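my_file.txt follows (compact mmCIF, C-alpha atoms):
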```txt
# COMPACT_ATOMS: atom_id res chain seq x y z
CA MET A 1466 205.13 -67.84 -118.70
CA GLY A 1467 208.73 -68.82 -119.26
CA GLU A 1468 211.26 -69.60 -116.58
CA ALA A 1469 212.80 -66.67 -114.75
CA PRO A 1470 216.13 -65.68 -116.31
CA ARG A 1471 219.03 -67.35 -114.64
CA ARG A 1472 221.08 -64.96 -112.51
CA ILE A 1473 224.74 -65.20 -113.18
CA ARG A 1474 227.11 -63.68 -110.66
CA THR A 1475 229.43 -60.87 -111.68
CA TYR A 1476 233.20 -61.14 -111.92
CA HIS A 1477 233.65 -59.44 -108.57
CA GLU A 1478 231.02 -61.58 -106.90
CA VAL A 1479 232.90 -64.75 -107.83
CA GLU A 1480 235.70 -64.81 -105.29
CA GLU A 1481 236.57 -68.43 -104.68
CA ALA A 1482 240.20 -69.46 -104.52
CA ASP A 1483 241.84 -68.97 -107.92
CA ARG A 1484 245.08 -70.84 -108.49
CA SER A 1485 245.92 -68.63 -111.46
CA GLN A 1486 246.23 -65.60 -109.19
CA LEU A 1487 246.79 -63.29 -112.12
CA ARG A 1488 246.13 -60.19 -110.09
CA SER A 1489 248.48 -61.26 -107.32
CA GLN A 1490 251.20 -62.06 -109.88
CA ILE A 1491 251.01 -58.51 -111.21
CA THR A 1492 250.92 -57.11 -107.69
CA ALA A 1493 253.96 -59.21 -106.78
CA GLN A 1494 255.88 -57.74 -109.72
CA ARG A 1495 255.14 -54.21 -108.54
CA ASP A 1496 255.93 -55.09 -104.92
CA ARG A 1497 259.28 -56.46 -106.01
CA VAL A 1498 260.22 -53.13 -107.58
CA THR A 1499 259.00 -51.19 -104.56
CA GLU A 1500 260.91 -53.39 -102.16
CA ARG A 1501 264.09 -53.27 -104.22
CA LEU A 1502 264.03 -49.49 -104.43
CA SER A 1503 263.30 -49.06 -100.74
CA SER A 1504 267.06 -48.77 -100.17
CA VAL A 1505 267.41 -46.15 -102.93
CA ARG A 1506 266.92 -42.63 -101.65
CA HIS A 1507 266.09 -40.92 -104.92
CA VAL A 1508 265.18 -42.16 -108.38
CA VAL A 1509 265.61 -39.49 -111.05
CA GLY A 1510 264.96 -39.78 -114.78
CA VAL A 1511 267.17 -38.02 -117.31
CA MET A 1512 265.10 -37.28 -120.36
CA SER A 1513 264.81 -35.31 -123.53
CA GLY A 1514 262.23 -35.24 -126.23
CA LYS A 1515 264.97 -35.30 -128.81
CA GLY A 1516 267.80 -37.61 -129.74
CA GLY A 1517 271.40 -36.52 -130.05
CA VAL A 1518 271.37 -33.83 -127.37
CA GLY A 1519 273.88 -35.64 -125.16
CA LYS A 1520 271.49 -37.06 -122.60
CA SER A 1521 273.63 -40.09 -121.84
CA PHE A 1522 276.70 -37.83 -121.63
CA VAL A 1523 274.88 -35.74 -119.04
CA THR A 1524 273.77 -38.86 -117.15
CA ALA A 1525 277.32 -40.22 -117.04
CA GLY A 1526 278.68 -36.82 -116.00
CA LEU A 1527 276.11 -36.36 -113.22
CA ALA A 1528 276.72 -39.89 -111.95
CA THR A 1529 280.49 -39.55 -111.81
CA ALA A 1530 280.38 -36.01 -110.40
CA LEU A 1531 278.20 -37.25 -107.54
CA ALA A 1532 280.28 -40.39 -107.05
CA ARG A 1533 283.36 -38.20 -106.79
CA ARG A 1534 281.59 -36.39 -103.94
CA GLY A 1535 281.20 -39.71 -102.16
CA ARG A 1536 277.60 -40.38 -103.11
CA ARG A 1537 276.46 -43.90 -103.91
CA VAL A 1538 275.07 -43.72 -107.41
CA GLY A 1539 273.50 -46.16 -109.85
CA VAL A 1540 272.70 -45.72 -113.53
CA LEU A 1541 269.92 -47.69 -115.17
CA ASP A 1542 270.18 -47.39 -118.92
CA GLY A 1543 266.55 -47.08 -119.95
CA ASP A 1544 267.51 -46.63 -123.58
CA LEU A 1545 267.07 -50.32 -124.29
CA HIS A 1546 267.47 -49.97 -128.06
CA GLY A 1547 270.45 -47.63 -128.09
CA PRO A 1548 272.31 -48.32 -124.88
CA THR A 1549 275.46 -46.28 -124.27
CA ALA A 1550 275.69 -45.84 -120.50
CA ALA A 1551 277.66 -49.02 -119.81
CA ARG A 1552 280.39 -48.07 -122.27
CA MET A 1553 280.58 -44.46 -121.14
CA LEU A 1554 280.89 -45.58 -117.55
CA ALA A 1555 283.43 -48.27 -118.44
CA ALA A 1556 281.22 -50.97 -116.95
CA GLY A 1557 283.04 -54.02 -118.27
CA LYS A 1558 281.41 -56.86 -120.08
CA GLY A 1559 282.24 -59.42 -117.47
CA ARG A 1560 279.57 -61.91 -116.50
CA LEU A 1561 276.79 -60.50 -114.35
CA GLU A 1562 276.56 -62.52 -111.16
CA VAL A 1563 273.12 -63.95 -110.52
CA HIS A 1564 272.21 -64.49 -106.89
CA ALA A 1565 268.95 -65.84 -105.55
CA ASP A 1566 267.85 -62.33 -104.65
CA GLY A 1567 268.93 -60.58 -107.81
CA VAL A 1568 271.51 -59.75 -110.45
CA VAL A 1569 274.57 -57.86 -109.27
CA PRO A 1570 274.98 -54.65 -111.32
CA ALA A 1571 278.20 -54.02 -113.22
CA ALA A 1572 280.71 -51.73 -111.52
CA GLY A 1573 281.40 -48.63 -113.56
CA SER A 1574 283.74 -45.66 -113.17
CA LEU A 1575 284.18 -44.46 -109.59
CA GLY A 1576 282.04 -47.35 -108.36
CA VAL A 1577 278.85 -46.28 -110.15
CA ALA A 1578 276.51 -49.30 -110.35
CA VAL A 1579 275.31 -49.88 -113.91
CA MET A 1580 272.65 -51.97 -115.62
CA SER A 1581 272.12 -51.77 -119.35
CA SER A 1582 270.84 -53.93 -122.18
CA ASP A 1583 274.33 -53.43 -123.63
CA LEU A 1584 275.61 -55.79 -120.94
CA LEU A 1585 273.22 -58.52 -122.10
CA LEU A 1586 273.32 -58.26 -125.88
CA SER A 1587 275.96 -59.66 -128.20
CA GLU A 1588 278.14 -57.02 -129.86
CA GLY A 1589 276.08 -55.16 -132.44
CA ALA A 1590 272.91 -57.21 -131.83
CA PRO A 1591 269.70 -55.18 -131.93
CA LEU A 1592 267.11 -55.52 -129.21
CA ARG A 1593 264.82 -58.27 -130.46
CA TRP A 1594 262.58 -60.79 -128.79
CA ARG A 1595 261.60 -64.38 -129.29
CA GLU A 1596 258.10 -63.78 -130.53
CA PRO A 1597 255.81 -64.70 -133.37
CA GLY A 1598 256.74 -62.92 -136.57
CA HIS A 1599 253.46 -61.08 -136.90
CA ASP A 1600 251.88 -58.23 -134.99
CA ARG A 1601 255.12 -57.59 -133.12
CA PHE A 1602 254.13 -54.04 -132.43
CA VAL A 1603 251.32 -55.29 -130.19
CA TRP A 1604 253.49 -56.82 -127.49
CA ARG A 1605 256.85 -55.17 -128.02
CA GLY A 1606 255.88 -52.39 -125.63
CA ALA A 1607 254.94 -54.93 -122.97
CA LEU A 1608 258.24 -56.79 -123.40
CA GLU A 1609 260.27 -53.60 -123.12
CA ALA A 1610 258.32 -52.45 -120.08
CA GLY A 1611 259.01 -55.91 -118.62
CA MET A 1612 262.74 -55.47 -119.18
CA LEU A 1613 262.63 -52.08 -117.48
CA ARG A 1614 260.71 -53.66 -114.59
CA GLU A 1615 263.34 -56.36 -114.22
CA PHE A 1616 266.14 -53.79 -114.36
CA LEU A 1617 264.46 -51.92 -111.53
CA GLY A 1618 263.28 -54.85 -109.44
CA ASP A 1619 265.70 -57.69 -110.12
CA VAL A 1620 269.00 -55.82 -109.91
CA ALA A 1621 270.61 -55.91 -106.48
CA TRP A 1622 271.13 -52.15 -106.41
CA GLY A 1623 271.87 -52.12 -102.71
CA VAL A 1624 271.89 -48.86 -100.80
CA LEU A 1625 272.06 -45.88 -103.15
CA ASP A 1626 271.74 -42.15 -102.67
CA LEU A 1627 270.61 -41.77 -106.24
CA LEU A 1628 269.54 -43.98 -109.11
CA LEU A 1629 269.65 -42.15 -112.44
CA VAL A 1630 267.48 -43.62 -115.18
CA ASP A 1631 268.72 -42.62 -118.62
CA LEU A 1632 265.53 -42.47 -120.67
CA PRO A 1633 265.48 -42.82 -124.45
CA PRO A 1634 264.41 -39.95 -126.71
CA GLY A 1635 260.68 -39.41 -126.68
CA THR A 1636 258.25 -39.76 -123.81
CA ASP A 1637 257.02 -43.37 -123.92
CA ARG A 1638 259.43 -44.81 -121.41
CA LEU A 1639 258.68 -42.08 -118.89
CA ASP A 1640 255.13 -43.39 -118.62
CA ALA A 1641 256.40 -46.90 -117.91
CA LEU A 1642 258.87 -45.56 -115.35
CA VAL A 1643 256.18 -43.57 -113.56
CA GLU A 1644 253.94 -46.65 -113.40
CA LEU A 1645 256.73 -48.73 -111.95
CA VAL A 1646 258.19 -46.07 -109.64
CA PRO A 1647 255.33 -43.92 -108.36
CA ARG A 1648 257.72 -42.18 -105.97
CA LEU A 1649 259.98 -40.96 -108.79
CA SER A 1650 261.75 -37.89 -107.40
CA GLY A 1651 261.58 -36.13 -110.75
CA VAL A 1652 263.34 -35.70 -114.05
CA VAL A 1653 266.29 -33.70 -115.33
CA VAL A 1654 265.60 -32.43 -118.83
CA VAL A 1655 268.42 -32.15 -121.35
CA THR A 1656 268.35 -29.91 -124.39
CA ILE A 1657 270.66 -28.15 -126.80
CA PRO A 1658 270.14 -24.43 -127.47
CA SER A 1659 268.38 -24.73 -130.84
CA GLU A 1660 264.78 -23.90 -131.63
CA ALA A 1661 264.23 -27.44 -132.96
CA SER A 1662 265.39 -28.88 -129.67
CA PHE A 1663 263.22 -26.43 -127.74
CA ARG A 1664 260.15 -27.57 -129.61
CA ALA A 1665 260.88 -31.27 -129.14
CA VAL A 1666 262.00 -31.11 -125.52
CA ARG A 1667 259.05 -28.93 -124.65
CA ARG A 1668 256.86 -31.94 -125.37
CA ALA A 1669 258.88 -33.97 -122.91
CA VAL A 1670 258.34 -31.28 -120.27
CA GLN A 1671 254.61 -31.36 -120.98
CA ALA A 1672 254.62 -35.15 -120.73
CA ALA A 1673 256.34 -34.97 -117.35
CA ARG A 1674 253.79 -32.44 -116.17
CA ALA A 1675 250.91 -34.58 -117.41
CA SER A 1676 252.32 -37.49 -115.43
CA HIS A 1677 252.72 -35.27 -112.35
CA VAL A 1678 256.48 -35.75 -112.40
CA PRO A 1679 258.47 -32.77 -111.10
CA VAL A 1680 260.96 -31.26 -113.53
CA LEU A 1681 263.94 -30.82 -111.23
CA GLY A 1682 265.98 -28.80 -113.67
CA VAL A 1683 267.21 -28.28 -117.19
CA VAL A 1684 270.71 -28.89 -118.54
CA GLU A 1685 271.62 -27.12 -121.77
CA ASN A 1686 274.27 -29.16 -123.50
CA MET A 1687 276.47 -27.98 -126.40
CA ALA A 1688 275.92 -24.39 -125.30
CA GLY A 1689 278.84 -23.12 -127.31
CA TYR A 1690 282.07 -24.62 -128.51
CA ARG A 1691 285.40 -24.24 -126.80
CA CYS A 1692 288.42 -24.63 -129.02
CA GLU A 1693 290.78 -27.18 -127.59
CA HIS A 1694 293.78 -25.13 -128.79
CA CYS A 1695 293.04 -21.47 -128.12
CA ARG A 1696 290.24 -22.11 -125.53
CA ASN A 1697 288.13 -19.39 -127.13
CA GLU A 1698 284.41 -20.05 -127.17
CA GLY A 1699 282.06 -19.71 -130.10
CA SER A 1700 278.44 -20.60 -130.55
CA LEU A 1701 277.28 -23.88 -132.07
CA PHE A 1702 273.52 -23.33 -132.19
CA GLN A 1703 271.32 -20.30 -132.29
CA GLY A 1704 268.69 -20.01 -129.59
CA GLY A 1705 268.32 -20.24 -125.86
CA ALA A 1706 266.29 -23.40 -125.40
CA GLY A 1707 267.70 -24.08 -121.95
CA GLU A 1708 266.51 -20.85 -120.38
CA ARG A 1709 263.19 -20.92 -122.20
CA LEU A 1710 262.46 -24.50 -121.13
CA ALA A 1711 263.48 -23.80 -117.56
CA ARG A 1712 261.17 -20.81 -117.47
CA GLU A 1713 258.33 -22.78 -118.95
CA ALA A 1714 258.85 -25.72 -116.59
CA GLY A 1715 259.27 -23.45 -113.57
CA ALA A 1716 262.55 -25.21 -112.87
CA PRO A 1717 266.14 -24.01 -112.58
CA LEU A 1718 268.60 -24.08 -115.45
CA LEU A 1719 271.08 -26.36 -113.71
CA SER A 1720 273.94 -25.81 -116.10
CA ARG A 1721 275.00 -24.71 -119.58
CA ILE A 1722 277.75 -26.93 -120.88
CA ALA A 1723 280.08 -25.99 -123.69
CA PHE A 1724 280.97 -28.66 -126.22
CA LEU A 1725 284.51 -29.78 -125.52
CA PRO A 1726 285.70 -32.16 -128.23
CA GLU A 1727 288.33 -33.77 -126.05
CA VAL A 1728 285.85 -34.41 -123.23
CA GLN A 1729 283.26 -35.81 -125.60
CA ALA A 1730 285.83 -38.11 -127.15
CA ALA A 1731 287.01 -39.30 -123.74
CA VAL A 1732 283.47 -40.06 -122.56
CA ASP A 1733 282.58 -41.84 -125.77
CA GLY A 1734 285.69 -43.92 -125.26
CA GLY A 1735 284.62 -45.00 -121.78
CA ALA A 1736 286.09 -42.29 -119.57
CA ALA A 1737 282.96 -40.80 -118.03
CA PRO A 1738 284.84 -39.02 -115.22
CA ALA A 1739 286.09 -36.66 -117.92
CA ALA A 1740 282.56 -35.25 -117.90
CA ALA A 1741 282.40 -34.96 -114.13
CA ASP A 1742 284.02 -31.52 -114.06
CA ALA A 1743 281.63 -30.17 -116.69
CA LEU A 1744 278.63 -31.57 -114.84
CA ALA A 1745 279.82 -30.78 -111.32
CA PRO A 1746 277.75 -27.55 -110.98
CA ALA A 1747 274.64 -29.32 -112.26
CA ALA A 1748 275.26 -32.25 -109.91
CA GLU A 1749 275.65 -29.88 -106.95
CA ALA A 1750 272.44 -28.09 -107.81
CA LEU A 1751 270.56 -31.36 -108.31
CA LEU A 1752 271.77 -32.67 -104.99
CA ALA A 1753 270.67 -29.51 -103.22
CA LEU A 1754 267.24 -29.75 -104.82
CA LEU A 1755 266.82 -33.38 -103.82
CA GLU A 1756 267.97 -32.81 -100.29
CA ALA A 1757 265.68 -29.82 -99.89
CA ALA A 1758 262.66 -31.77 -101.12
CA MET B 893 239.17 -63.95 -116.29
CA LYS B 894 237.15 -66.39 -114.22
CA PHE B 895 234.99 -69.34 -115.18
CA LEU B 896 231.69 -70.05 -113.50
CA CYS B 897 229.87 -73.38 -113.70
CA VAL B 898 226.42 -72.02 -114.32
CA ASP B 899 224.54 -75.13 -113.21
CA CYS B 900 226.42 -75.41 -109.92
CA ASP B 901 227.07 -71.67 -109.44
CA ARG B 902 230.65 -72.53 -108.49
CA GLN B 903 233.83 -70.96 -109.71
CA MET B 904 235.75 -73.42 -111.84
CA GLY B 905 239.28 -74.11 -110.73
CA PHE B 906 242.40 -74.21 -112.87
CA ALA B 907 243.38 -77.83 -113.58
CA GLU B 908 246.10 -77.92 -116.21
CA ARG B 909 247.85 -76.03 -118.95
CA ALA B 910 249.03 -77.24 -122.35
CA LEU B 911 250.55 -75.90 -125.55
CA PRO B 912 248.85 -77.99 -128.22
CA GLY B 913 250.57 -76.18 -131.08
CA ASP B 914 250.27 -73.21 -133.47
CA GLY B 915 250.82 -70.84 -130.56
CA THR B 916 247.63 -71.87 -128.81
CA LEU B 917 247.65 -72.00 -125.04
CA ALA B 918 245.05 -74.30 -123.49
CA ALA B 919 244.06 -73.76 -119.89
CA VAL B 920 241.68 -76.37 -118.50
CA PHE B 921 239.30 -75.47 -115.71
CA THR B 922 237.03 -77.86 -113.83
CA CYS B 923 233.98 -77.39 -111.65
CA PRO B 924 234.74 -78.49 -108.08
CA THR B 925 231.15 -79.71 -107.66
CA CYS B 926 230.16 -81.55 -110.84
CA GLY B 927 233.62 -82.05 -112.35
CA ARG B 928 232.71 -80.52 -115.70
CA ALA B 929 235.82 -79.42 -117.57
CA VAL B 930 236.23 -76.61 -120.05
CA ALA B 931 239.32 -75.54 -121.92
CA MET B 932 240.07 -71.90 -122.51
CA LEU B 933 241.97 -71.61 -125.79
CA THR B 934 243.93 -68.45 -126.35
CA ASN B 935 245.06 -67.52 -129.82
CA PRO B 936 248.79 -66.96 -130.42
CA MET B 937 248.43 -63.22 -129.98
CA GLU B 938 246.72 -63.59 -126.60
CA THR B 939 249.25 -66.20 -125.51
CA GLN B 940 252.12 -63.91 -126.40
CA LEU B 941 250.53 -60.93 -124.73
CA VAL B 942 250.11 -62.80 -121.45
CA ALA B 943 253.68 -64.10 -121.69
CA SER B 944 254.95 -60.61 -122.44
CA LEU B 945 253.55 -59.42 -119.14
CA GLY B 946 255.45 -62.12 -117.27
CA ILE B 947 252.22 -63.73 -116.12
CA GLN B 948 251.79 -67.49 -115.81
CA ILE B 949 248.29 -68.77 -116.44
CA GLY B 950 247.59 -71.37 -113.81
CA GLY B 951 249.75 -69.57 -111.27
CA ARG B 952 253.45 -69.63 -110.60
CA THR B 953 254.96 -73.03 -109.96
CA VAL B 954 258.48 -71.84 -109.20
CA PRO B 955 259.54 -68.53 -107.66
CA GLU B 956 260.19 -65.82 -110.24
CA GLN B 957 263.86 -65.92 -111.19
CA PRO B 958 265.89 -62.71 -111.54
CA PHE B 959 265.59 -61.44 -115.14
CA GLU B 960 263.32 -64.38 -115.91
CA ARG B 961 261.29 -62.61 -118.58
CA THR B 962 264.30 -60.98 -120.23
CA ARG B 963 266.35 -64.17 -120.26
CA SER B 964 263.57 -66.30 -121.67
CA THR B 965 262.48 -63.88 -124.41
CA LEU B 966 265.51 -61.84 -125.51
CA GLN B 967 267.15 -62.76 -128.80
CA GLY B 968 270.82 -62.14 -129.44
CA GLY B 969 271.83 -62.38 -125.81
CA ARG B 970 275.53 -62.76 -125.05
CA ASP B 971 276.57 -66.32 -124.31
CA ASP B 972 278.63 -65.15 -121.38
CA ALA B 973 276.24 -62.53 -120.00
CA PHE B 974 275.54 -64.27 -116.70
CA ALA B 975 277.35 -66.21 -114.03
CA ASP B 976 274.66 -68.35 -112.47
CA PRO B 977 275.13 -69.86 -109.04
CA VAL B 978 276.49 -73.38 -109.09
CA PRO B 979 274.52 -75.76 -106.85
CA THR B 980 276.63 -76.80 -103.91
CA GLY B 981 276.25 -79.44 -101.22
CA GLY B 982 275.79 -83.16 -101.31
CA LYS B 983 272.11 -83.06 -102.25
CA SER B 984 272.66 -81.67 -105.72
CA PRO B 985 271.52 -84.26 -108.30
CA ARG B 986 273.77 -85.62 -111.04
CA TRP B 987 272.98 -85.00 -114.69
CA ALA B 988 272.68 -88.00 -116.98
CA THR B 989 274.62 -87.61 -120.23
CA ALA B 990 271.47 -87.42 -122.35
CA ALA B 991 269.96 -84.77 -120.08
CA ALA B 992 273.18 -82.77 -120.06
CA GLU B 993 273.29 -82.90 -123.85
CA ARG B 994 269.73 -81.68 -124.01
CA LEU B 995 270.54 -78.86 -121.65
CA GLU B 996 273.46 -77.89 -123.88
CA ARG B 997 270.98 -77.18 -126.65
CA VAL B 998 269.31 -74.49 -124.53
CA PRO B 999 270.73 -71.06 -125.49
CA SER B 1000 273.53 -70.31 -123.07
CA PHE B 1001 271.98 -66.90 -122.30
CA VAL B 1002 269.24 -68.68 -120.36
CA ARG B 1003 270.84 -72.08 -119.73
CA GLY B 1004 272.06 -71.38 -116.22
CA MET B 1005 268.61 -70.33 -115.08
CA VAL B 1006 266.95 -73.35 -116.68
CA LYS B 1007 269.51 -75.72 -115.15
CA ARG B 1008 268.88 -74.26 -111.74
CA ILE B 1009 265.11 -74.78 -112.05
CA TYR B 1010 265.54 -78.44 -113.07
CA THR B 1011 268.12 -79.00 -110.35
CA ASP B 1012 265.87 -77.52 -107.67
CA TYR B 1013 262.97 -79.60 -108.96
CA ALA B 1014 265.00 -82.81 -108.76
CA ALA B 1015 266.32 -81.98 -105.31
CA GLU B 1016 262.84 -81.19 -104.01
CA HIS B 1017 261.54 -84.51 -105.33
CA GLY B 1018 264.44 -86.57 -104.00
CA ILE B 1019 265.62 -87.36 -107.53
CA GLU B 1020 269.31 -88.26 -107.65
CA VAL B 1021 269.83 -88.22 -111.42
CA VAL B 1022 268.30 -85.73 -113.85
CA THR B 1023 267.30 -87.59 -116.99
CA PRO B 1024 265.39 -86.40 -120.07
CA GLU B 1025 262.29 -88.02 -118.55
CA VAL B 1026 262.74 -85.99 -115.38
CA MET B 1027 263.10 -82.87 -117.51
CA ASP B 1028 259.85 -83.69 -119.33
CA GLN B 1029 258.11 -84.32 -116.05
CA ALA B 1030 259.35 -81.03 -114.63
CA ARG B 1031 258.30 -79.15 -117.76
CA ARG B 1032 254.79 -80.53 -117.46
CA GLU B 1033 254.44 -79.98 -113.75
CA LEU B 1034 256.09 -76.59 -113.61
CA GLY B 1035 254.58 -75.27 -116.81
CA LEU B 1036 257.94 -74.49 -118.40
CA GLU B 1037 256.72 -75.02 -121.94
CA GLY B 1038 257.63 -71.53 -123.01
CA MET B 1039 261.07 -71.60 -121.40
```

Produce structure tokens that represent the structure in this file.
Amino acid sequence: MGEAPRRIRTYHEVEEADRSQLRSQITAQRDRVTERLSSVRHVVGVMSGKGGVGKSFVTAGLATALARRGRRVGVLDGDLHGPTAARMLAAGKGRLEVHADGVVPAAGSLGVAVMSSDLLLSEGAPLRWREPGHDRFVWRGALEAGMLREFLGDVAWGVLDLLLVDLPPGTDRLDALVELVPRLSGVVVVTIPSEASFRAVRRAVQAARASHVPVLGVVENMAGYRCEHCRNEGSLFQGGAGERLAREAGAPLLSRIAFLPEVQAAVDGGAAPAAADALAPAAEALLALLEAA
Amino acid sequence: MKFLCVDCDRQMGFAERALPGDGTLAAVFTCPTCGRAVAMLTNPMETQLVASLGIQIGGRTVPEQPFERTRSTLQGGRDDAFADPVPTGGKSPRWATAAAERLERVPSFVRGMVKRIYTDYAAEHGIEVVTPEVMDQARRELGLEGM
């Protein structure tokens, strides 16, 4: 007869003091985000499954339209690789003040608080990390999620009525946002009228549904073209993606916005309030939805 | 991950951390009963993955700084991105020339944060002048190898 097999305790049975405290470090990171956002009434993502539909334009327009109504608004540029929000909102590239309790966000148009990777990176520098040169794809997602976490939890957002998170094309970052902000109020989905956009943005709607994130509404951008000279409108794209997506998502079509070259140029040049008029109806509707929730 | 001393049936405690080279992270654990020591060696990929999550093996030695992970890992950061708080009051230690020169070699994107950590360390230990030796000591004790 051999000796009885040695019984080794399980991971959960071994509970002596552990200086590493890995679990508590992760919990502390989450708690920091939760605590920071406790003074933010609503966190809303602005998303699209497709690039080039004017998502950041819509974000900047919603933010300035609401700020014009006296609401305290912040914009977190979640498009870490292609940040545009800081420029659109004229958030200068002054130094970001670091205090013991957080980084003070940049002040954008009409007092909108802004945080963006554009404020951190040298002009034209791509988003890259100090990391070993191999297998970058393995940890890049973790590093980017970490940056999003720090933008949420380490920025001294203060008291806000609404924090808009401008999400990049695709659906990956939504998952990270939902993990970090379980009480996300919902998402605004941006599309253009075309069939191609409908098909791509539909996936974003499905992703939001799968993550149990309410689709608050749909904004159809570039819904026609208004001549800056004669003011006549013509169509730019065939299709009615906005209405179809709204119907499918069971959410209102918040607004259909015509493409106005002069407004687009102004916003691209850092004059986001130029978009406030175009987005005012959508902002009103969004506000009503949030306040009714 | 936990380590159990099988003979003593005691959980081994974290003792020290080291970066011996080639991206390896060594975390030494000892048994509180018999004193046996084992080193957990992570490969570069595991080391990077843990670092990417903003986790410090061995536990945090200084409070997490705002944007700590971003500032210590981002490449191409603007030199003038941040205005870090300047230590005030009579207790703030002086910086020896050699230490100041060494600090100047830290990328300016993260320099202010690193300076603050060393300054706080010196102040907490009653050190009046930050020298390269003090910086080395702080790096070892605070586990700032990757910073």

Within 9 Å of chain B, which residues of chain A come that close, and what is the closest atom pair and distance in Å for each? Count all atoms listed in the file and give it as CSV.
```
residue,atom,partner,partner_atom,distance
A:Arg1471,CA,B:Val898,CA,8.7
A:Ile1473,CA,B:Val898,CA,7.1
A:Arg1474,CA,B:Asp901,CA,8.1
A:Tyr1476,CA,B:Lys894,CA,7.0
A:Val1479,CA,B:Gln903,CA,6.6
A:Glu1480,CA,B:Gln903,CA,7.8
A:Glu1481,CA,B:Gln903,CA,6.3
A:Ala1482,CA,B:Gly905,CA,7.8
A:Asp1483,CA,B:Gly905,CA,6.4
A:Arg1484,CA,B:Gly951,CA,5.6
A:Ser1485,CA,B:Gly951,CA,3.9
A:Gln1486,CA,B:Gly951,CA,5.7
A:Leu1487,CA,B:Ile947,CA,6.8
A:Gln1490,CA,B:Ile947,CA,6.5
A:Ile1491,CA,B:Ile947,CA,7.3
A:Gln1494,CA,B:Gly946,CA,8.7
A:Lys1558,CA,B:Ala973,CA,7.7
A:Gly1559,CA,B:Ala973,CA,7.2
A:Arg1560,CA,B:Phe974,CA,4.7
A:Leu1561,CA,B:Phe974,CA,4.6
A:Glu1562,CA,B:Ala975,CA,4.7
A:Val1563,CA,B:Asp976,CA,5.1
A:His1564,CA,B:Pro977,CA,6.5
A:Ala1565,CA,B:Pro958,CA,7.4
A:Asp1566,CA,B:Pro958,CA,7.2
A:Gly1567,CA,B:Pro958,CA,5.3
A:Val1568,CA,B:Pro958,CA,6.4
A:Leu1584,CA,B:Ala973,CA,6.8
A:Leu1585,CA,B:Ala973,CA,5.4
A:Leu1586,CA,B:Gly969,CA,4.4
A:Ser1587,CA,B:Arg970,CA,4.4
A:Glu1588,CA,B:Arg970,CA,7.9
A:Ala1590,CA,B:Gly968,CA,5.9
A:Pro1591,CA,B:Gly968,CA,7.5
A:Leu1592,CA,B:Gln967,CA,7.3
A:Arg1593,CA,B:Gln967,CA,5.3
A:Trp1594,CA,B:Leu966,CA,4.5
A:Arg1595,CA,B:Thr965,CA,5.0
A:Glu1596,CA,B:Gln940,CA,7.3
A:Pro1597,CA,B:Gln940,CA,7.9
A:His1599,CA,B:Met937,CA,8.8
A:Asp1600,CA,B:Met937,CA,7.9
A:Val1603,CA,B:Leu941,CA,7.9
A:Trp1604,CA,B:Leu941,CA,5.8
A:Arg1605,CA,B:Ser944,CA,8.0
A:Gly1606,CA,B:Ser944,CA,8.9
A:Ala1607,CA,B:Ser944,CA,5.7
A:Leu1608,CA,B:Ser944,CA,5.1
A:Glu1609,CA,B:Ser944,CA,8.8
A:Ala1610,CA,B:Leu945,CA,8.5
A:Gly1611,CA,B:Leu945,CA,6.5
A:Met1612,CA,B:Thr962,CA,5.8
A:Glu1615,CA,B:Phe959,CA,5.6
A:Phe1616,CA,B:Phe959,CA,7.7
A:Gly1618,CA,B:Pro958,CA,8.5
A:Asp1619,CA,B:Pro958,CA,5.2
A:Val1620,CA,B:Pro958,CA,7.7
```

Between CA of Ser1582 in chain A and CA of Pro1548 in chain A - distance in Å to one decimal = 6.4 Å

Please write out, as JSON, where the centre of an axis-aligned box around all listed atoms of range 1575-1591 of chain A lies and how long its edges are, in Å to one decimal, after adding 5 Å on each side.
```
{"center_x": 276.9, "center_y": -52.1, "center_z": -120.4, "size_x": 24.5, "size_y": 25.2, "size_z": 34.1}
```

Residues near range 1518-1532 of chain A, cut-off 8 Å, only C-alpha atoms, skip fewer than 2 positions along chain, as an MDAnalysis selection string | chainID A and resid 1511:1513 1515:1516 1534:1540 1549:1550 1553:1554 1574:1577 1629 1631 1655:1657 1686:1687 1729 1732 1737:1745 1747:1749

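As for CA of Leu1645 in chain A and CA of Gly1514 in chain A, they are spaced 20.4 Å apart.
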
Considering all atoms listed in the file, return as a list of chain:residue names whatever protein or nucleic-acid residues lie within 6 Å of Ala1555 in chain A, sequence-local ones (same chain, fewer than 2 positions apart) excluded.
->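 Counting all atoms listed in the file, the residues come to A:Ala1551, A:Arg1552, A:Met1553, A:Gly1557, A:Gly1573, A:Ser1574, A:Gly1735.
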
Computed interatomic separation between CA of Thr1023 in chain B and CA of Thr953 in chain B (Å) =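 Taking CA of Thr1023 in chain B and CA of Thr953 in chain B, their separation equals 20.3 Å.
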
Nearest to Phe1724 in chain A among A:Phe1602, A:Trp1622, A:Phe1702, A:Phe1663, with distances taken over all atoms listed in the file: which residue is it?
->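 For Phe1724 in chain A, the nearest of the given residues is A:Phe1702.
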
Residue among B:Cys926, B:Leu933, B:Leu1034, B:Val1026 lying closest to Trp987 in chain B, counting only C-alpha atoms | B:Val1026

Between B:Thr939, B:Thr934, B:Ser984, B:Thr925, which one has atoms that come closest to Ala1015 in chain B, using all atoms listed in the file?
-> B:Ser984

Skip Tyr1690 in chain A itself and residues of its chain fewer than 4 positions away, then list as number ranges by chain all residues within 8 Å of it, counting only C-alpha atoms.
-> A: 1698-1701, 1723-1725
